[in-house]
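This is structure.tsv. It holds TSV, C-alpha atoms (C1' of nucleotides).
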chain	number	residue	atom	x	y	z
D	1	MET	CA	28.90	-9.11	86.47
D	2	GLN	CA	26.74	-6.08	86.19
D	3	THR	CA	28.85	-3.77	88.27
D	4	ASP	CA	32.41	-3.30	87.20
D	5	ASP	CA	33.44	-1.73	90.47
D	6	ARG	CA	33.34	-4.86	92.54
D	7	LEU	CA	36.87	-4.57	93.93
D	8	ILE	CA	36.34	-1.02	95.04
D	9	TYR	CA	33.04	-1.76	96.63
D	10	LEU	CA	34.45	-4.87	98.32
D	11	LEU	CA	37.36	-2.99	99.78
D	12	PHE	CA	35.26	-0.14	101.12
D	13	THR	CA	32.70	-2.47	102.61
D	14	ALA	CA	35.29	-4.75	104.18
D	15	GLY	CA	37.01	-1.77	105.76
D	16	GLN	CA	33.80	-0.34	107.11
D	17	LYS	CA	32.61	-3.65	108.55
D	18	LEU	CA	35.98	-4.17	110.15
D	19	ARG	CA	35.96	-0.70	111.67
D	20	ASN	CA	32.48	-1.13	113.11
D	21	TYR	CA	33.29	-4.57	114.42
D	22	LEU	CA	36.50	-3.38	116.06
D	23	ASN	CA	34.82	-0.41	117.65
D	24	SER	CA	32.03	-2.45	119.14
D	25	ALA	CA	34.49	-5.14	120.28
D	26	LEU	CA	36.60	-2.45	121.92
D	27	SER	CA	33.67	-0.97	123.71
D	28	ALA	CA	32.43	-4.44	124.71
D	29	GLU	CA	35.81	-5.04	126.36
D	30	GLY	CA	35.45	-1.84	128.31
D	31	ALA	CA	37.88	0.16	126.23
D	32	LYS	CA	36.99	3.80	125.81
D	33	VAL	CA	39.02	4.40	122.68
D	34	THR	CA	38.18	3.75	119.05
D	35	VAL	CA	40.44	1.87	116.65
D	36	ALA	CA	41.79	5.06	115.15
D	37	GLN	CA	42.59	6.44	118.57
D	38	SER	CA	44.23	3.21	119.64
D	39	GLY	CA	46.52	3.51	116.60
D	40	ILE	CA	47.88	6.75	118.02
D	41	LEU	CA	48.30	5.22	121.46
D	42	PHE	CA	50.23	2.26	120.00
D	43	LEU	CA	52.64	4.62	118.32
D	44	LEU	CA	53.13	6.62	121.49
D	45	LYS	CA	53.62	3.54	123.61
D	46	GLN	CA	56.30	2.45	121.19
D	47	GLN	CA	57.94	5.84	121.35
D	48	ASN	CA	56.63	8.64	123.49
D	49	GLY	CA	56.65	12.34	122.67
D	50	ARG	CA	56.16	12.19	118.94
D	51	SER	CA	55.14	15.33	117.09
D	52	MET	CA	51.90	15.81	115.21
D	53	THR	CA	53.62	15.60	111.84
D	54	GLU	CA	55.44	12.45	112.85
D	55	LEU	CA	52.14	10.89	113.84
D	56	SER	CA	50.49	11.98	110.62
D	57	GLN	CA	53.25	10.36	108.57
D	58	LEU	CA	53.13	7.13	110.50
D	59	MET	CA	49.36	6.95	110.32
D	60	GLU	CA	49.37	8.12	106.70
D	61	LEU	CA	46.75	10.69	107.55
D	62	ASP	CA	46.43	14.39	106.97
D	63	ASN	CA	47.84	16.62	109.69
D	64	SER	CA	44.44	18.02	110.45
D	65	SER	CA	43.06	14.55	111.03
D	66	ILE	CA	45.69	14.05	113.70
D	67	THR	CA	44.71	17.30	115.36
D	68	GLY	CA	41.20	15.95	115.79
D	69	LEU	CA	42.33	12.57	117.07
D	70	ILE	CA	44.67	14.12	119.60
D	71	ASP	CA	42.00	16.60	120.67
D	72	ARG	CA	39.67	13.75	121.57
D	73	LEU	CA	42.40	11.67	123.20
D	74	GLU	CA	43.49	14.65	125.24
D	75	ARG	CA	39.96	15.46	126.30
D	76	ALA	CA	39.62	11.85	127.45
D	77	GLY	CA	42.87	12.13	129.41
D	78	PHE	CA	44.81	9.54	127.43
D	79	VAL	CA	47.49	11.83	126.03
D	80	SER	CA	48.92	15.27	126.75
D	81	ARG	CA	50.30	17.82	124.35
D	82	ASN	CA	53.39	19.92	125.08
D	83	SER	CA	55.01	22.36	122.75
D	84	ASP	CA	58.66	21.56	122.17
D	85	PRO	CA	60.90	23.99	124.09
D	86	ALA	CA	63.59	23.82	121.42
D	87	ASP	CA	61.21	24.51	118.55
D	88	ARG	CA	57.91	25.86	119.64
D	89	ARG	CA	56.23	25.05	116.35
D	90	LEU	CA	56.35	21.41	117.34
D	91	SER	CA	53.71	19.89	119.55
D	92	ASN	CA	54.95	16.76	121.28
D	93	VAL	CA	52.37	14.25	122.35
D	94	TYR	CA	52.78	12.03	125.40
D	95	ILE	CA	50.73	9.06	126.46
D	96	THR	CA	49.43	9.24	130.03
D	97	PRO	CA	49.24	6.36	132.53
D	98	ARG	CA	45.52	6.07	131.80
D	99	GLY	CA	46.35	6.03	128.12
D	100	LEU	CA	48.71	3.14	128.73
D	101	GLU	CA	46.04	1.15	130.51
D	102	GLU	CA	43.77	1.86	127.60
D	103	VAL	CA	46.20	0.75	124.93
D	104	ASN	CA	46.76	-2.49	126.78
D	105	LYS	CA	43.05	-3.20	126.76
D	106	ALA	CA	42.91	-2.34	123.07
D	107	LYS	CA	45.86	-4.54	122.22
D	108	VAL	CA	44.00	-7.69	123.28
D	109	VAL	CA	41.03	-6.91	121.09
D	110	ILE	CA	43.09	-5.87	118.12
D	111	ARG	CA	45.31	-8.89	118.28
D	112	LYS	CA	42.30	-11.16	118.41
D	113	VAL	CA	40.54	-9.51	115.48
D	114	ASN	CA	43.74	-9.60	113.51
D	115	GLU	CA	43.71	-13.36	113.92
D	116	GLU	CA	40.05	-13.58	113.02
D	117	ILE	CA	40.76	-11.91	109.70
D	118	LYS	CA	43.07	-14.73	108.77
D	119	GLU	CA	40.68	-17.49	109.79
D	120	GLY	CA	39.67	-19.69	106.89
D	121	PHE	CA	42.71	-18.80	104.79
D	122	THR	CA	46.15	-20.25	104.33
D	123	ALA	CA	49.28	-18.33	105.26
D	124	GLU	CA	49.97	-17.98	101.55
D	125	GLN	CA	46.60	-16.47	100.87
D	126	VAL	CA	47.05	-14.05	103.72
D	127	ASP	CA	50.41	-13.06	102.30
D	128	THR	CA	48.88	-12.43	98.92
D	129	PHE	CA	46.16	-10.40	100.55
D	130	LYS	CA	48.76	-8.35	102.38
D	131	SER	CA	50.87	-7.72	99.33
D	132	VAL	CA	47.91	-6.48	97.33
D	133	LEU	CA	46.94	-4.18	100.19
D	134	LYS	CA	50.48	-2.92	100.40
D	135	SER	CA	50.40	-1.90	96.76
D	136	PHE	CA	47.63	0.64	97.32
D	137	SER	CA	49.55	3.25	99.18
D	138	PRO	CA	52.29	3.73	96.56
D	139	LYS	CA	49.89	3.16	93.68
D	140	PHE	CA	47.20	5.57	94.74
D	141	ASN	CA	49.09	8.18	96.60
D	142	SER	CA	47.91	11.36	94.95
D	143	LYS	CA	49.80	13.43	97.47
D	144	LEU	CA	53.54	13.11	97.15
D	145	PRO	CA	54.16	12.73	93.39
D	146	SER	CA	52.69	16.03	92.22
D	147	ARG	CA	54.53	18.02	94.85
L	148	MET	CA	56.95	-7.38	113.90
L	149	GLN	CA	56.38	-4.74	116.51
L	150	THR	CA	52.82	-3.92	115.61
L	151	ASP	CA	50.40	-6.79	115.60
L	152	ASP	CA	47.71	-4.81	113.86
L	153	ARG	CA	49.36	-4.73	110.48
L	154	LEU	CA	46.45	-6.20	108.57
L	155	ILE	CA	43.97	-3.80	110.08
L	156	TYR	CA	46.16	-0.82	109.47
L	157	LEU	CA	46.88	-1.95	105.91
L	158	LEU	CA	43.24	-2.37	105.10
L	159	PHE	CA	42.22	1.00	106.48
L	160	THR	CA	45.05	2.79	104.77
L	161	ALA	CA	44.45	1.07	101.44
L	162	GLY	CA	40.78	1.99	101.55
L	163	GLN	CA	41.48	5.59	102.43
L	164	LYS	CA	44.10	6.02	99.71
L	165	LEU	CA	41.76	4.45	97.20
L	166	ARG	CA	38.91	6.71	98.21
L	167	ASN	CA	41.01	9.84	97.94
L	168	TYR	CA	42.47	8.76	94.64
L	169	LEU	CA	39.05	7.98	93.20
L	170	ASN	CA	37.59	11.25	94.35
L	171	SER	CA	40.37	13.32	92.86
L	172	ALA	CA	40.28	11.27	89.64
L	173	LEU	CA	36.54	11.84	89.44
L	174	SER	CA	36.86	15.52	89.92
L	175	ALA	CA	39.77	15.66	87.46
L	176	GLU	CA	37.48	14.09	84.85
L	177	GLY	CA	34.88	16.75	85.48
L	178	ALA	CA	32.55	14.55	87.50
L	179	LYS	CA	30.72	16.32	90.27
L	180	VAL	CA	29.95	13.24	92.32
L	181	THR	CA	32.08	11.39	94.83
L	182	VAL	CA	32.69	7.70	94.69
L	183	ALA	CA	30.08	7.00	97.37
L	184	GLN	CA	27.50	9.04	95.50
L	185	SER	CA	28.34	7.31	92.25
L	186	GLY	CA	27.59	4.00	93.95
L	187	ILE	CA	24.02	5.14	94.50
L	188	LEU	CA	23.73	6.35	90.92
L	189	PHE	CA	24.98	3.00	89.59
L	190	LEU	CA	22.30	1.20	91.54
L	191	LEU	CA	19.60	3.54	90.30
L	192	LYS	CA	20.75	3.32	86.73
L	193	GLN	CA	20.53	-0.43	87.00
L	194	GLN	CA	17.06	-0.16	88.47
L	195	ASN	CA	15.32	3.10	89.02
L	196	GLY	CA	13.00	4.00	91.87
L	197	ARG	CA	14.60	2.01	94.67
L	198	SER	CA	13.65	2.79	98.25
L	199	MET	CA	15.99	4.09	100.90
L	200	THR	CA	16.08	0.77	102.70
L	201	GLU	CA	16.75	-1.09	99.48
L	202	LEU	CA	19.67	1.22	98.80
L	203	SER	CA	21.00	0.84	102.31
L	204	GLN	CA	20.96	-2.95	101.99
L	205	LEU	CA	22.68	-2.94	98.63
L	206	MET	CA	25.32	-0.48	99.80
L	207	GLU	CA	25.62	-2.26	103.16
L	208	LEU	CA	25.28	1.06	104.90
L	209	ASP	CA	23.09	2.34	107.68
L	210	ASN	CA	19.78	3.86	106.63
L	211	SER	CA	20.77	7.23	107.96
L	212	SER	CA	23.91	7.22	105.83
L	213	ILE	CA	21.71	6.83	102.78
L	214	THR	CA	19.59	9.77	103.86
L	215	GLY	CA	22.67	11.97	103.77
L	216	LEU	CA	23.88	10.65	100.43
L	217	ILE	CA	20.48	11.15	98.82
L	218	ASP	CA	20.17	14.62	100.36
L	219	ARG	CA	23.38	15.69	98.67
L	220	LEU	CA	22.55	13.98	95.38
L	221	GLU	CA	19.14	15.59	95.37
L	222	ARG	CA	20.53	19.02	96.17
L	223	ALA	CA	22.90	18.56	93.22
L	224	GLY	CA	20.01	17.59	90.97
L	225	PHE	CA	21.16	14.05	90.24
L	226	VAL	CA	18.25	12.22	91.87
L	227	SER	CA	14.71	12.99	93.01
L	228	ARG	CA	12.80	11.54	95.92
L	229	ASN	CA	9.10	10.65	95.75
L	230	SER	CA	7.11	9.01	98.45
L	231	ASP	CA	5.48	5.82	97.27
L	232	PRO	CA	1.73	6.33	96.67
L	233	ALA	CA	0.96	2.77	97.70
L	234	ASP	CA	2.91	2.93	100.93
L	235	ARG	CA	3.77	6.42	101.98
L	236	ARG	CA	6.43	5.28	104.39
L	237	LEU	CA	8.59	4.41	101.40
L	238	SER	CA	10.66	7.02	99.68
L	239	ASN	CA	11.47	6.03	96.13
L	240	VAL	CA	14.55	7.52	94.58
L	241	TYR	CA	14.87	8.23	90.86
L	242	ILE	CA	17.94	9.17	88.89
L	243	THR	CA	17.55	12.30	86.77
L	244	PRO	CA	18.91	12.86	83.24
L	245	ARG	CA	21.73	14.88	84.75
L	246	GLY	CA	22.37	12.05	87.14
L	247	LEU	CA	22.65	9.68	84.21
L	248	GLU	CA	25.22	11.87	82.51
L	249	GLU	CA	27.12	11.94	85.75
L	250	VAL	CA	27.12	8.21	86.29
L	251	ASN	CA	28.43	7.70	82.79
L	252	LYS	CA	31.34	10.00	83.50
L	253	ALA	CA	31.99	8.19	86.76
L	254	LYS	CA	31.85	4.78	85.13
L	255	VAL	CA	34.91	5.50	83.02
L	256	VAL	CA	36.99	6.53	86.00
L	257	ILE	CA	35.84	3.70	88.18
L	258	ARG	CA	36.43	1.09	85.55
L	259	LYS	CA	39.93	2.38	84.99
L	260	VAL	CA	40.85	2.46	88.67
L	261	ASN	CA	39.44	-1.00	89.09
L	262	GLU	CA	41.94	-2.17	86.49
L	263	GLU	CA	44.76	-0.26	88.14
L	264	ILE	CA	44.15	-2.12	91.36
L	265	LYS	CA	44.91	-5.39	89.62
L	266	GLU	CA	48.06	-4.16	87.92
L	267	GLY	CA	51.15	-6.07	89.01
L	268	PHE	CA	49.19	-9.09	90.18
L	269	THR	CA	48.11	-12.33	88.57
L	270	ALA	CA	44.47	-13.22	88.12
L	271	GLU	CA	44.91	-15.81	90.83
L	272	GLN	CA	46.28	-13.30	93.28
L	273	VAL	CA	43.41	-10.96	92.52
L	274	ASP	CA	40.97	-13.79	93.15
L	275	THR	CA	42.55	-14.53	96.48
L	276	PHE	CA	42.42	-10.86	97.35
L	277	LYS	CA	38.74	-10.77	96.45
L	278	SER	CA	37.87	-13.85	98.42
L	279	VAL	CA	39.55	-12.54	101.55
L	280	LEU	CA	37.71	-9.24	101.15
L	281	LYS	CA	34.43	-11.08	100.68
L	282	SER	CA	34.90	-12.86	103.98
L	283	PHE	CA	34.78	-9.62	105.96
L	284	SER	CA	31.14	-8.83	105.61
L	285	PRO	CA	29.81	-12.13	106.98
L	286	LYS	CA	32.65	-12.44	109.47
L	287	PHE	CA	32.39	-9.00	110.98
L	288	ASN	CA	28.77	-8.19	110.63
L	289	SER	CA	27.81	-7.12	114.11
L	290	LYS	CA	24.38	-6.02	112.96
L	291	LEU	CA	22.14	-8.89	111.93
L	292	PRO	CA	23.05	-11.72	114.36
L	293	SER	CA	22.20	-10.01	117.66
L	294	ARG	CA	18.89	-8.65	116.45
X	295	DA	C1'	-12.94	2.16	114.92
X	296	DG	C1'	-8.86	2.26	117.24
X	297	DC	C1'	-4.78	0.54	119.81
X	298	DG	C1'	-0.29	-1.38	119.53
X	299	DG	C1'	3.38	-3.16	117.35
X	300	DA	C1'	6.17	-3.39	113.05
X	301	DT	C1'	8.44	-1.00	109.36
X	302	DG	C1'	10.58	3.05	106.83
X	303	DT	C1'	12.83	7.40	107.08
X	304	DT	C1'	14.85	11.33	109.19
X	305	DT	C1'	17.17	13.91	112.89
X	306	DG	C1'	20.81	15.00	116.06
X	307	DA	C1'	25.03	13.93	118.18
X	308	DT	C1'	29.63	12.17	117.35
X	309	DA	C1'	33.92	10.29	114.96
X	310	DT	C1'	36.88	10.17	110.94
X	311	DG	C1'	38.79	11.88	107.05
X	312	DC	C1'	39.87	15.51	103.38
X	313	DC	C1'	41.26	20.29	101.68
X	314	DA	C1'	42.39	25.13	101.81
X	315	DA	C1'	43.38	28.90	104.52
X	316	DA	C1'	44.92	30.96	108.77
X	317	DT	C1'	48.33	31.19	112.44
X	318	DA	C1'	52.70	30.61	114.74
X	319	DT	C1'	57.31	29.97	114.70
X	320	DG	C1'	62.03	29.36	112.74
X	321	DT	C1'	65.77	30.37	109.52
X	322	DG	C1'	68.51	32.43	106.18
X	323	DT	C1'	69.87	36.55	103.62
X	324	DC	C1'	70.62	41.33	102.57
Z	325	DG	C1'	67.83	43.42	112.56
Z	326	DA	C1'	64.08	42.85	109.23
Z	327	DC	C1'	61.84	40.60	105.34
Z	328	DA	C1'	60.92	36.59	102.90
Z	329	DC	C1'	60.35	31.89	102.74
Z	330	DA	C1'	59.82	27.38	104.94
Z	331	DT	C1'	57.78	24.38	108.33
Z	332	DA	C1'	54.26	22.88	112.03
Z	333	DT	C1'	49.80	23.06	113.66
Z	334	DT	C1'	45.10	24.45	113.91
Z	335	DT	C1'	40.69	26.08	112.03
Z	336	DG	C1'	36.58	25.91	109.27
Z	337	DG	C1'	33.87	23.73	105.88
Z	338	DC	C1'	32.46	19.54	103.99
Z	339	DA	C1'	31.57	14.33	103.06
Z	340	DT	C1'	30.94	9.98	104.97
Z	341	DA	C1'	29.81	6.78	108.52
Z	342	DT	C1'	27.74	5.19	113.02
Z	343	DC	C1'	23.98	5.00	116.71
Z	344	DA	C1'	19.88	6.12	119.22
Z	345	DA	C1'	15.76	8.41	119.28
Z	346	DA	C1'	11.95	10.72	117.00
Z	347	DC	C1'	8.45	10.57	113.58
Z	348	DA	C1'	5.34	8.73	110.06
Z	349	DT	C1'	2.74	5.26	108.30
Z	350	DC	C1'	0.83	0.77	107.91
Z	351	DC	C1'	-1.26	-3.55	109.46
Z	352	DG	C1'	-3.51	-6.76	112.36
Z	353	DC	C1'	-6.54	-7.78	116.04
Z	354	DT	C1'	-10.22	-7.01	119.15

Would you mind writing the file out in structure tokens?
Amino acid sequence: MQTDDRLIYLLFTAGQKLRNYLNSALSAEGAKVTVAQSGILFLLKQQNGRSMTELSQLMELDNSSITGLIDRLERAGFVSRNSDPADRRLSNVYITPRGLEEVNKAKVVIRKVNEEIKEGFTAEQVDTFKSVLKSFSPKFNSKLPSR
Amino acid sequence: MQTDDRLIYLLFTAGQKLRNYLNSALSAEGAKVTVAQSGILFLLKQQNGRSMTELSQLMELDNSSITGLIDRLERAGFVSRNSDPADRRLSNVYITPRGLEEVNKAKVVIRKVNEEIKEGFTAEQVDTFKSVLKSFSPKFNSKLPSR
DNA sequence: AGCGGATGTTTGATATGCCAAATATGTGTC
DNA sequence: GACACATATTTGGCATATCAAACATCCGCT
């Protein structure tokens, strides 16, 4: 064991491979969105008209990252942005019909890849994997505590 | 279970949190490198004078990603780039004394965070976690097969 | 020698993320 | 009603990735 950072390296590499694989699978299936963008569309399909901040909390991303994602989704015609009449600071985001078509295409791919991840492992192992992953967000959240 | 992409989301989020945490820990310890850059420095400390392609294979990153990483490391004075006299296509990268100091600072942080990841889990659980992570790279490598 | 294909690296365009600062709007208090 | 503070979003700068295309160099074959 020459490198003591194996876990870190493994996690980064796994995530990157997964992202690349998902994006090429999506595009191979004729989807025009990326995985990150499809995440937004899933959330809007589930409940339409969410605000930027709401999306950033659900995605666990910085607000400014959401701005970029929505910019690209809007440019592609998959969402629209309306400022809330009751509180004009809020920008409510709505999925469009074309966005809905898109998220349905993405769902197939994502569901399949999700299954592929589990292949070769028992349900118990997958559960362990999940619970370790779940520990990262509270453990390494450098944002909330110091505020 | 409304979202069927839980595993994917969990993995991406865990990786992002870890990256942010590591980068702020590094900078808090006075290191001037990021975690990605420290990965390069580790490899060069272990064996100096590696080529770009060698680095890209070891990091499992695209060649052009390495170009950027080395550009920034070189600008910061932590590595130097020399074209190989025997084969001038090759660019050999060497860690500098300042780069060595830097990697030693980084090592402390990285080793500590690596331990933190395991906290709250048994050695068995960590092993399972590792083996699932290790399955990603062969499973989702869209690069080599189709070439 | 010299052409043509293989190999190594960089460049340019794009997507994702972060942070800090700017901007816009709302709210509460004197 | 106006000022101060809080909240929501965007902007600008940067780091990290990808891909495809350009460029540089080498190697083998005629």

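Residue nearest Ser24 (chain D), chosen from L:Ser212, L:Asn288, L:Asn229, L:Thr200 and counting all atoms listed in the file: L:Asn288.
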
**OP:** Pick out the residues sitting within 7 Å of Val250 (chain L), and hand them over as JSON, numbers by chain; count all atoms listed in the file, and ignore anything fewer than 4 positions along from it in its own chain.
**Re:** {"L": [185, 188, 189, 246, 254]}

**OP:** Could you list the residues in chain L lying within 12 Å of chain Z, using all atoms listed in the file, and format the result as JSON, numbers by chain?
**Re:** {"L": [163, 166, 167, 170, 180, 181, 182, 183, 184, 207, 208, 209, 210, 211, 212, 213, 214, 215, 216, 218, 219, 220, 230, 231, 232, 233, 234, 235, 236, 237, 238, 290]}

Report chain D as a compact mmCIF listing (two decimals) with C-alpha atoms, in the frame of the given file in the frame of chain L, after least-squares superposition over all C-alpha atoms paired in order.
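In the end it all went to part-v1.txt:
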# COMPACT_ATOMS: atom_id res chain seq x y z
CA MET D 1 57.07 -6.95 113.68
CA GLN D 2 56.46 -4.45 116.39
CA THR D 3 52.85 -3.77 115.64
CA ASP D 4 50.53 -6.71 115.63
CA ASP D 5 47.77 -4.83 113.88
CA ARG D 6 49.36 -4.71 110.48
CA LEU D 7 46.43 -6.20 108.57
CA ILE D 8 43.98 -3.80 110.09
CA TYR D 9 46.15 -0.82 109.47
CA LEU D 10 46.87 -1.97 105.91
CA LEU D 11 43.22 -2.38 105.10
CA PHE D 12 42.20 0.99 106.50
CA THR D 13 45.03 2.78 104.76
CA ALA D 14 44.44 1.06 101.44
CA GLY D 15 40.77 1.97 101.58
CA GLN D 16 41.45 5.57 102.44
CA LYS D 17 44.08 6.00 99.72
CA LEU D 18 41.75 4.43 97.21
CA ARG D 19 38.89 6.70 98.22
CA ASN D 20 41.02 9.83 97.96
CA TYR D 21 42.47 8.74 94.66
CA LEU D 22 39.05 7.97 93.21
CA ASN D 23 37.60 11.24 94.37
CA SER D 24 40.37 13.30 92.88
CA ALA D 25 40.28 11.25 89.66
CA LEU D 26 36.54 11.82 89.46
CA SER D 27 36.87 15.51 89.94
CA ALA D 28 39.78 15.65 87.47
CA GLU D 29 37.48 14.07 84.87
CA GLY D 30 34.90 16.73 85.50
CA ALA D 31 32.57 14.55 87.51
CA LYS D 32 30.76 16.31 90.30
CA VAL D 33 29.98 13.23 92.35
CA THR D 34 32.09 11.35 94.86
CA VAL D 35 32.66 7.60 94.79
CA ALA D 36 30.03 6.98 97.42
CA GLN D 37 27.50 9.03 95.52
CA SER D 38 28.34 7.30 92.26
CA GLY D 39 27.57 3.98 93.98
CA ILE D 40 24.01 5.14 94.50
CA LEU D 41 23.73 6.35 90.92
CA PHE D 42 24.98 2.99 89.60
CA LEU D 43 22.29 1.20 91.54
CA LEU D 44 19.61 3.55 90.29
CA LYS D 45 20.77 3.32 86.71
CA GLN D 46 20.52 -0.43 87.00
CA GLN D 47 17.05 -0.17 88.46
CA ASN D 48 15.31 3.11 89.00
CA GLY D 49 12.98 4.02 91.85
CA ARG D 50 14.55 2.04 94.64
CA SER D 51 13.61 2.83 98.21
CA MET D 52 15.97 4.12 100.87
CA THR D 53 16.03 0.79 102.68
CA GLU D 54 16.71 -1.07 99.47
CA LEU D 55 19.64 1.23 98.80
CA SER D 56 20.95 0.84 102.32
CA GLN D 57 20.91 -2.95 101.99
CA LEU D 58 22.63 -2.93 98.65
CA MET D 59 25.27 -0.49 99.81
CA GLU D 60 25.56 -2.25 103.17
CA LEU D 61 25.23 1.07 104.91
CA ASP D 62 23.05 2.36 107.69
CA ASN D 63 19.75 3.90 106.63
CA SER D 64 20.76 7.26 107.96
CA SER D 65 23.89 7.24 105.84
CA ILE D 66 21.70 6.84 102.78
CA THR D 67 19.58 9.78 103.85
CA GLY D 68 22.67 11.96 103.77
CA LEU D 69 23.88 10.66 100.43
CA ILE D 70 20.51 11.16 98.82
CA ASP D 71 20.20 14.62 100.36
CA ARG D 72 23.42 15.69 98.66
CA LEU D 73 22.58 13.99 95.37
CA GLU D 74 19.17 15.62 95.37
CA ARG D 75 20.59 19.02 96.16
CA ALA D 76 22.96 18.57 93.22
CA GLY D 77 20.04 17.61 90.97
CA PHE D 78 21.18 14.07 90.25
CA VAL D 79 18.28 12.23 91.86
CA SER D 80 14.74 13.00 92.99
CA ARG D 81 12.81 11.56 95.89
CA ASN D 82 9.12 10.66 95.70
CA SER D 83 7.08 9.06 98.40
CA ASP D 84 5.44 5.86 97.23
CA PRO D 85 1.70 6.41 96.63
CA ALA D 86 0.89 2.85 97.66
CA ASP D 87 2.84 3.02 100.90
CA ARG D 88 3.72 6.50 101.93
CA ARG D 89 6.39 5.35 104.36
CA LEU D 90 8.53 4.47 101.37
CA SER D 91 10.63 7.07 99.63
CA ASN D 92 11.46 6.06 96.08
CA VAL D 93 14.55 7.54 94.55
CA TYR D 94 14.88 8.25 90.83
CA ILE D 95 17.95 9.18 88.87
CA THR D 96 17.58 12.32 86.76
CA PRO D 97 18.93 12.87 83.23
CA ARG D 98 21.78 14.90 84.72
CA GLY D 99 22.40 12.07 87.13
CA LEU D 100 22.67 9.69 84.21
CA GLU D 101 25.25 11.86 82.50
CA GLU D 102 27.13 11.94 85.75
CA VAL D 103 27.14 8.21 86.29
CA ASN D 104 28.45 7.70 82.79
CA LYS D 105 31.37 9.99 83.50
CA ALA D 106 31.99 8.17 86.77
CA LYS D 107 31.86 4.76 85.15
CA VAL D 108 34.93 5.49 83.02
CA VAL D 109 37.00 6.52 86.00
CA ILE D 110 35.84 3.68 88.18
CA ARG D 111 36.44 1.08 85.55
CA LYS D 112 39.94 2.38 84.98
CA VAL D 113 40.84 2.45 88.67
CA ASN D 114 39.42 -1.00 89.09
CA GLU D 115 41.92 -2.18 86.50
CA GLU D 116 44.74 -0.27 88.14
CA ILE D 117 44.14 -2.14 91.37
CA LYS D 118 44.87 -5.39 89.63
CA GLU D 119 48.03 -4.17 87.93
CA GLY D 120 51.10 -6.08 89.01
CA PHE D 121 49.15 -9.12 90.17
CA THR D 122 48.05 -12.35 88.58
CA ALA D 123 44.40 -13.22 88.12
CA GLU D 124 44.84 -15.82 90.84
CA GLN D 125 46.20 -13.32 93.28
CA VAL D 126 43.36 -10.97 92.53
CA ASP D 127 40.92 -13.78 93.16
CA THR D 128 42.52 -14.53 96.48
CA PHE D 129 42.38 -10.87 97.35
CA LYS D 130 38.70 -10.78 96.47
CA SER D 131 37.83 -13.86 98.45
CA VAL D 132 39.51 -12.54 101.57
CA LEU D 133 37.67 -9.25 101.17
CA LYS D 134 34.43 -11.09 100.71
CA SER D 135 34.89 -12.86 104.02
CA PHE D 136 34.76 -9.62 106.00
CA SER D 137 31.13 -8.82 105.65
CA PRO D 138 29.82 -12.13 107.03
CA LYS D 139 32.66 -12.43 109.52
CA PHE D 140 32.42 -8.99 111.03
CA ASN D 141 28.81 -8.17 110.69
CA SER D 142 27.88 -7.14 114.19
CA LYS D 143 24.44 -6.12 113.04
CA LEU D 144 22.32 -9.04 111.94
CA PRO D 145 23.33 -11.90 114.28
CA SER D 146 22.37 -10.32 117.59
CA ARG D 147 18.98 -9.24 116.32

**OP:** Considering all atoms listed in the file, extract the chain X residues located within 12 Å of chain D and return them as an MDAnalysis selection string.
**Re:** chainID X and resid 308:314 317:321

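Distance-wise, CA of Phe283 (chain L) and CA of Ile8 (chain D) end up 14.0 Å apart.
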
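Computed from the coordinates, the CA of Ser27 (chain D) to CA of Pro97 (chain D) distance equals 19.3 Å.
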
Original post:
Which chain L residues are at most 9 Å from chain D (counting all atoms listed in the file), as number ranges by chain?
Top reply: L: 149-169, 171, 186, 189-190, 193, 206-208, 254, 257-258, 260-261, 263-265, 267-268, 272-273, 275-277, 279-284, 286-289

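Note that CA of Val256 (chain L) and CA of Met199 (chain L) are 25.9 Å apart.
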
Shell around Lys32 (chain D) at 9 Å using all atoms listed in the file, local window under 5 positions removed, as a CSV table (one decimal) with C-alpha atoms, keeping the file's coordinate frame:
chain,number,residue,atom,x,y,z
D,26,LEU,CA,36.6,-2.4,121.9
D,27,SER,CA,33.7,-1.0,123.7
D,76,ALA,CA,39.6,11.8,127.4
D,102,GLU,CA,43.8,1.9,127.6
D,106,ALA,CA,42.9,-2.3,123.1

Axis-aligned box over every listed atom of region 151-167 of chain L, padded by 3 Å per side: centre and edges in Å to one decimal, as JSON?
{"center_x": 44.7, "center_y": 1.5, "center_z": 106.4, "size_x": 17.5, "size_y": 22.6, "size_z": 24.4}
